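> mmCIF, C-alpha atoms, pLDDT in the B column; chains and numbers go by the auth columns, file entry_31.cif:
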data_structure
loop_
_atom_site.group_PDB
_atom_site.id
_atom_site.type_symbol
_atom_site.label_atom_id
_atom_site.label_comp_id
_atom_site.label_asym_id
_atom_site.label_seq_id
_atom_site.Cartn_x
_atom_site.Cartn_y
_atom_site.Cartn_z
_atom_site.B_iso_or_equiv
_atom_site.auth_seq_id
_atom_site.auth_asym_id
ATOM 1 C CA MET A 1 159.522 17.887 233.802 83.00 1148 V
ATOM 2 C CA GLY A 2 161.571 19.521 236.519 92.00 1149 V
ATOM 3 C CA LEU A 3 163.394 22.656 237.661 92.00 1150 V
ATOM 4 C CA TRP A 4 167.142 23.236 237.759 92.00 1151 V
ATOM 5 C CA PHE A 5 168.552 26.185 239.711 91.00 1152 V
ATOM 6 C CA GLY A 6 172.086 27.396 239.065 86.00 1153 V
ATOM 7 C CA THR A 7 172.116 30.014 241.825 82.00 1154 V
ATOM 8 C CA PRO A 8 175.235 32.218 241.427 81.00 1155 V
ATOM 9 C CA CYS A 9 178.019 31.250 243.808 76.00 1156 V
ATOM 10 C CA SER A 10 180.189 34.366 243.403 80.00 1157 V
ATOM 11 C CA SER A 11 179.557 35.565 246.948 84.00 1158 V
ATOM 12 C CA TRP A 12 178.900 32.147 248.510 87.00 1159 V
ATOM 13 C CA SER A 13 182.183 30.495 247.544 81.00 1160 V
ATOM 14 C CA ARG A 14 184.553 29.578 250.367 76.00 1161 V
ATOM 15 C CA VAL A 15 187.511 30.657 248.239 71.00 1162 V
ATOM 16 C CA ARG A 16 187.363 34.152 249.746 63.00 1163 V
ATOM 17 C CA HIS A 17 185.860 33.316 253.135 57.00 1164 V
ATOM 18 C CA ASP A 18 187.065 32.583 256.632 53.00 1165 V
ATOM 19 C CA LEU A 19 190.616 33.549 255.691 55.00 1166 V
ATOM 20 C CA PRO A 20 193.063 34.335 258.497 55.00 1167 V
ATOM 21 C CA ASP A 21 193.028 38.010 257.466 53.00 1168 V
ATOM 22 C CA GLY A 22 189.211 38.080 257.695 60.00 1169 V
ATOM 23 C CA GLY A 23 188.819 38.585 253.932 72.00 1170 V
ATOM 24 C CA GLY A 24 185.650 37.814 252.035 81.00 1171 V
ATOM 25 C CA PRO A 25 182.153 39.245 252.197 90.00 1172 V
ATOM 26 C CA ARG A 26 180.721 36.378 254.282 89.00 1173 V
ATOM 27 C CA SER A 27 181.810 34.237 257.194 87.00 1174 V
ATOM 28 C CA SER A 28 180.323 31.452 259.265 86.00 1175 V
ATOM 29 C CA ALA A 29 179.214 34.109 261.760 89.00 1176 V
ATOM 30 C CA PHE A 30 177.799 36.400 259.021 92.00 1177 V
ATOM 31 C CA LEU A 31 176.312 34.065 256.419 93.00 1178 V
ATOM 32 C CA MET A 32 174.132 36.788 254.916 95.00 1179 V
ATOM 33 C CA GLY A 33 177.073 39.220 254.635 94.00 1180 V
ATOM 34 C CA LYS A 34 179.560 40.907 256.899 93.00 1181 V
ATOM 35 C CA PRO A 35 178.999 44.460 258.089 94.00 1182 V
ATOM 36 C CA GLY A 36 180.979 47.262 256.420 92.00 1183 V
ATOM 37 C CA LEU A 37 181.430 45.688 252.990 92.00 1184 V
ATOM 38 C CA THR A 38 182.882 47.539 250.034 90.00 1185 V
ATOM 39 C CA PRO A 39 180.241 48.634 247.505 94.00 1186 V
ATOM 40 C CA ALA A 40 181.334 45.856 245.105 90.00 1187 V
ATOM 41 C CA ASP A 41 181.105 43.144 247.766 90.00 1188 V
ATOM 42 C CA ALA A 42 177.798 44.556 249.038 94.00 1189 V
ATOM 43 C CA ARG A 43 176.370 44.207 245.511 94.00 1190 V
ATOM 44 C CA ARG A 44 177.642 40.612 245.220 91.00 1191 V
ATOM 45 C CA VAL A 45 176.210 39.698 248.614 94.00 1192 V
ATOM 46 C CA ASP A 46 172.869 41.359 247.824 95.00 1193 V
ATOM 47 C CA LEU A 47 172.632 39.480 244.507 94.00 1194 V
ATOM 48 C CA GLY A 48 173.561 36.209 246.204 94.00 1195 V
ATOM 49 C CA ASN A 49 171.023 36.733 248.989 96.00 1196 V
ATOM 50 C CA ARG A 50 168.232 37.719 246.602 96.00 1197 V
ATOM 51 C CA THR A 51 168.833 34.858 244.181 94.00 1198 V
ATOM 52 C CA LEU A 52 169.012 32.370 247.048 95.00 1199 V
ATOM 53 C CA GLY A 53 165.751 33.761 248.453 96.00 1200 V
ATOM 54 C CA VAL A 54 163.996 33.376 245.101 95.00 1201 V
ATOM 55 C CA SER A 55 165.453 29.884 244.674 94.00 1202 V
ATOM 56 C CA ILE A 56 164.178 28.828 248.110 95.00 1203 V
ATOM 57 C CA ARG A 57 160.684 30.200 247.445 96.00 1204 V
ATOM 58 C CA LEU A 58 160.473 28.450 244.062 95.00 1205 V
ATOM 59 C CA ILE A 59 161.862 25.188 245.439 93.00 1206 V
ATOM 60 C CA LYS A 60 159.236 25.210 248.209 94.00 1207 V
ATOM 61 C CA ARG A 61 156.549 25.737 245.589 94.00 1208 V
ATOM 62 C CA ALA A 62 157.986 22.929 243.456 93.00 1209 V
ATOM 63 C CA ILE A 63 157.970 20.582 246.455 91.00 1210 V
ATOM 64 C CA ALA A 64 154.307 21.412 247.101 92.00 1211 V
ATOM 65 C CA LEU A 65 153.550 20.649 243.446 93.00 1212 V
ATOM 66 C CA HIS A 66 155.697 17.469 243.414 93.00 1213 V
ATOM 67 C CA ILE A 67 158.018 18.875 240.746 94.00 1214 V
ATOM 68 C CA PRO A 68 161.550 17.418 240.802 93.00 1215 V
ATOM 69 C CA THR A 69 164.079 20.148 241.540 92.00 1216 V
ATOM 70 C CA VAL A 70 167.858 20.499 241.497 90.00 1217 V
ATOM 71 C CA LEU A 71 169.862 23.256 243.192 90.00 1218 V
ATOM 72 C CA GLU A 72 173.374 23.343 241.796 87.00 1219 V
ATOM 73 C CA ASN A 73 176.213 24.858 243.828 86.00 1220 V
ATOM 74 C CA PRO A 74 179.620 23.647 245.012 83.00 1221 V
ATOM 75 C CA SER A 75 179.353 21.316 247.998 84.00 1222 V
ATOM 76 C CA THR A 76 181.686 23.624 249.938 84.00 1223 V
ATOM 77 C CA SER A 77 179.503 26.682 249.296 88.00 1224 V
ATOM 78 C CA MET A 78 178.479 28.664 252.370 91.00 1225 V
ATOM 79 C CA MET A 79 174.998 28.683 250.853 93.00 1226 V
ATOM 80 C CA TRP A 80 174.356 25.194 252.267 92.00 1227 V
ATOM 81 C CA MET A 81 174.789 26.577 255.805 93.00 1228 V
ATOM 82 C CA VAL A 82 171.854 29.019 255.511 96.00 1229 V
ATOM 83 C CA PRO A 83 169.144 27.697 257.883 96.00 1230 V
ATOM 84 C CA LYS A 84 166.232 28.379 255.491 95.00 1231 V
ATOM 85 C CA LEU A 85 167.979 26.374 252.778 94.00 1232 V
ATOM 86 C CA GLU A 86 169.013 23.606 255.183 93.00 1233 V
ATOM 87 C CA LYS A 87 165.337 23.182 256.121 94.00 1234 V
ATOM 88 C CA VAL A 88 164.240 22.931 252.480 92.00 1235 V
ATOM 89 C CA VAL A 89 167.072 20.575 251.502 89.00 1236 V
ATOM 90 C CA SER A 90 166.300 18.268 254.421 89.00 1237 V
ATOM 91 C CA LYS A 91 162.955 17.465 252.755 83.00 1238 V
ATOM 92 C CA GLY A 92 164.599 15.838 249.752 83.00 1239 V
ATOM 93 C CA GLU A 93 167.622 13.979 248.544 83.00 1240 V
ATOM 94 C CA SER A 94 171.057 15.382 247.911 80.00 1241 V
ATOM 95 C CA SER A 95 173.997 14.282 245.832 82.00 1242 V
ATOM 96 C CA VAL A 96 177.542 15.512 245.493 80.00 1243 V
ATOM 97 C CA ILE A 97 178.986 15.129 242.021 78.00 1244 V
ATOM 98 C CA ASP A 98 182.693 15.608 241.476 74.00 1245 V
ATOM 99 C CA TYR A 99 183.181 16.475 237.839 71.00 1246 V
ATOM 100 C CA CYS A 100 186.679 14.992 237.846 70.00 1247 V
ATOM 101 C CA GLN A 101 184.974 11.597 237.812 69.00 1248 V
ATOM 102 C CA PHE A 102 183.797 12.511 234.305 73.00 1249 V
ATOM 103 C CA GLY A 103 187.275 13.561 233.184 76.00 1250 V
ATOM 104 C CA LYS A 104 186.707 17.281 233.854 69.00 1251 V
ATOM 105 C CA PRO A 105 189.144 19.452 235.826 67.00 1252 V
#
With the file now loaded, output its structure as structure tokens.

Amino acid sequence: MGLWFGTPCSSWSRVRHDLPDGGGPRSSAFLMGKPGLTPADARRVDLGNRTLGVSIRLIKRAIALHIPTVLENPSTSMMWMVPKLEKVVSKGESSVIDYCQFGKP
């Protein structure tokens, strides 16, 4: 038995972040969301923050109960830089899986 979290990465992805033009709803300086976001980006950031918060709370509970847990997100995701998540992740093991090794794009 175990838990697998597929926390949405739509606002955590580096694809739109730290661009020279300052685009994207997050940055290294504003991991939880930049000020003055458009309504659409504010919704994405809020969803990302809330789902990450729930994931962290449930992962902590799973650790306390000795339940194996996986948190799936791209290795380049800004999510991994969030201090609360870094603290939780440091208590376990981590792996980076590149799907191209399985013949996937």
> Name all residues at most 9 Å from region 1183-1194 of chain V (count all atoms listed in the file; drop same-chain ones fewer than 5 positions away) and give them as a PyMOL selection string.
chain V and resi 1155+1157-1159+1171-1173+1199
> Draw an axis-aligned box tight on the listed atoms of region 1211-1222 of chain V, then pad every side by 5 Å and write out centre and edge lengths in Å to one decimal as JSON.

{"center_x": 166.6, "center_y": 21.1, "center_z": 244.4, "size_x": 36.1, "size_y": 17.4, "size_z": 17.3}
> Determine, counting only C-alpha atoms, which protein, DNA and RNA residues have an atom within 10 Å of an atom of Val1236 (chain V); residues of the same chain fewer than 5 positions away are not included. Present the result as a ChimeraX atom specification.
/V:1203,1206-1207,1218,1227,1230-1231,1241
> How would the residues just picked look written out with C-alpha atoms as a compact mmCIF listing (two decimals), keeping the file's coordinate frame?

# COMPACT_ATOMS: atom_id res chain seq x y z
CA ILE V 1203 164.18 28.83 248.11
CA ILE V 1206 161.86 25.19 245.44
CA LYS V 1207 159.24 25.21 248.21
CA LEU V 1218 169.86 23.26 243.19
CA TRP V 1227 174.36 25.19 252.27
CA PRO V 1230 169.14 27.70 257.88
CA LYS V 1231 166.23 28.38 255.49
CA SER V 1241 171.06 15.38 247.91
> May I ask which of the residues V:Met1225, V:Ile1214, V:Val1243, V:Val1235 is the closest one to Trp1151 (chain V), counting only C-alpha atoms?
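Among the listed residues, the smallest separation from Trp1151 (chain V) belongs to V:Ile1214.
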> Applying the PyMOL selection byres ((chain V and resi 1175) around 10) to the file I just gave you, which residues come out? Please list them as a PyMOL selection string.
chain V and resi 1164-1165+1173-1174+1176-1181+1225+1228-1229
> Taking only C-alpha atoms into account, which of V:Gly1239, V:Arg1197, V:Ser1202, V:Gly1170 comes nearest Phe1152 (chain V)?
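Smallest distance to Phe1152 (chain V) is found for V:Ser1202.
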> Using only C-alpha atoms, give me every residue within 8 Å of (168.3, 18.7, 234.7) in file coordinates, as number ranges by chain.
V: 1149-1151, 1217
> Write out, as a compact mmCIF listing (two decimals), in the coordinates of the input, the residues just selected, with C-alpha atoms.

# COMPACT_ATOMS: atom_id res chain seq x y z
CA GLY V 1149 161.57 19.52 236.52
CA LEU V 1150 163.39 22.66 237.66
CA TRP V 1151 167.14 23.24 237.76
CA VAL V 1217 167.86 20.50 241.50
> Tell me which of V:Cys1156, V:Ala1209, V:Cys1247, V:Met1148 sits closest to Pro1221 (chain V), counting only C-alpha atoms.
V:Cys1156
> For a test of reading the model, state the distance in Å between CA of Met1226 (chain V) and CA of Val1162 (chain V), rounded to one decimal.
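We find that CA of Met1226 (chain V) and CA of Val1162 (chain V) lie 12.9 Å from each other.
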> From the set V:Gly1153, V:Asp1245, V:Val1201, V:Glu1240, which residue has the shortest atom-to-atom contact distance to Thr1223 (chain V), counting all atoms listed in the file?
V:Asp1245
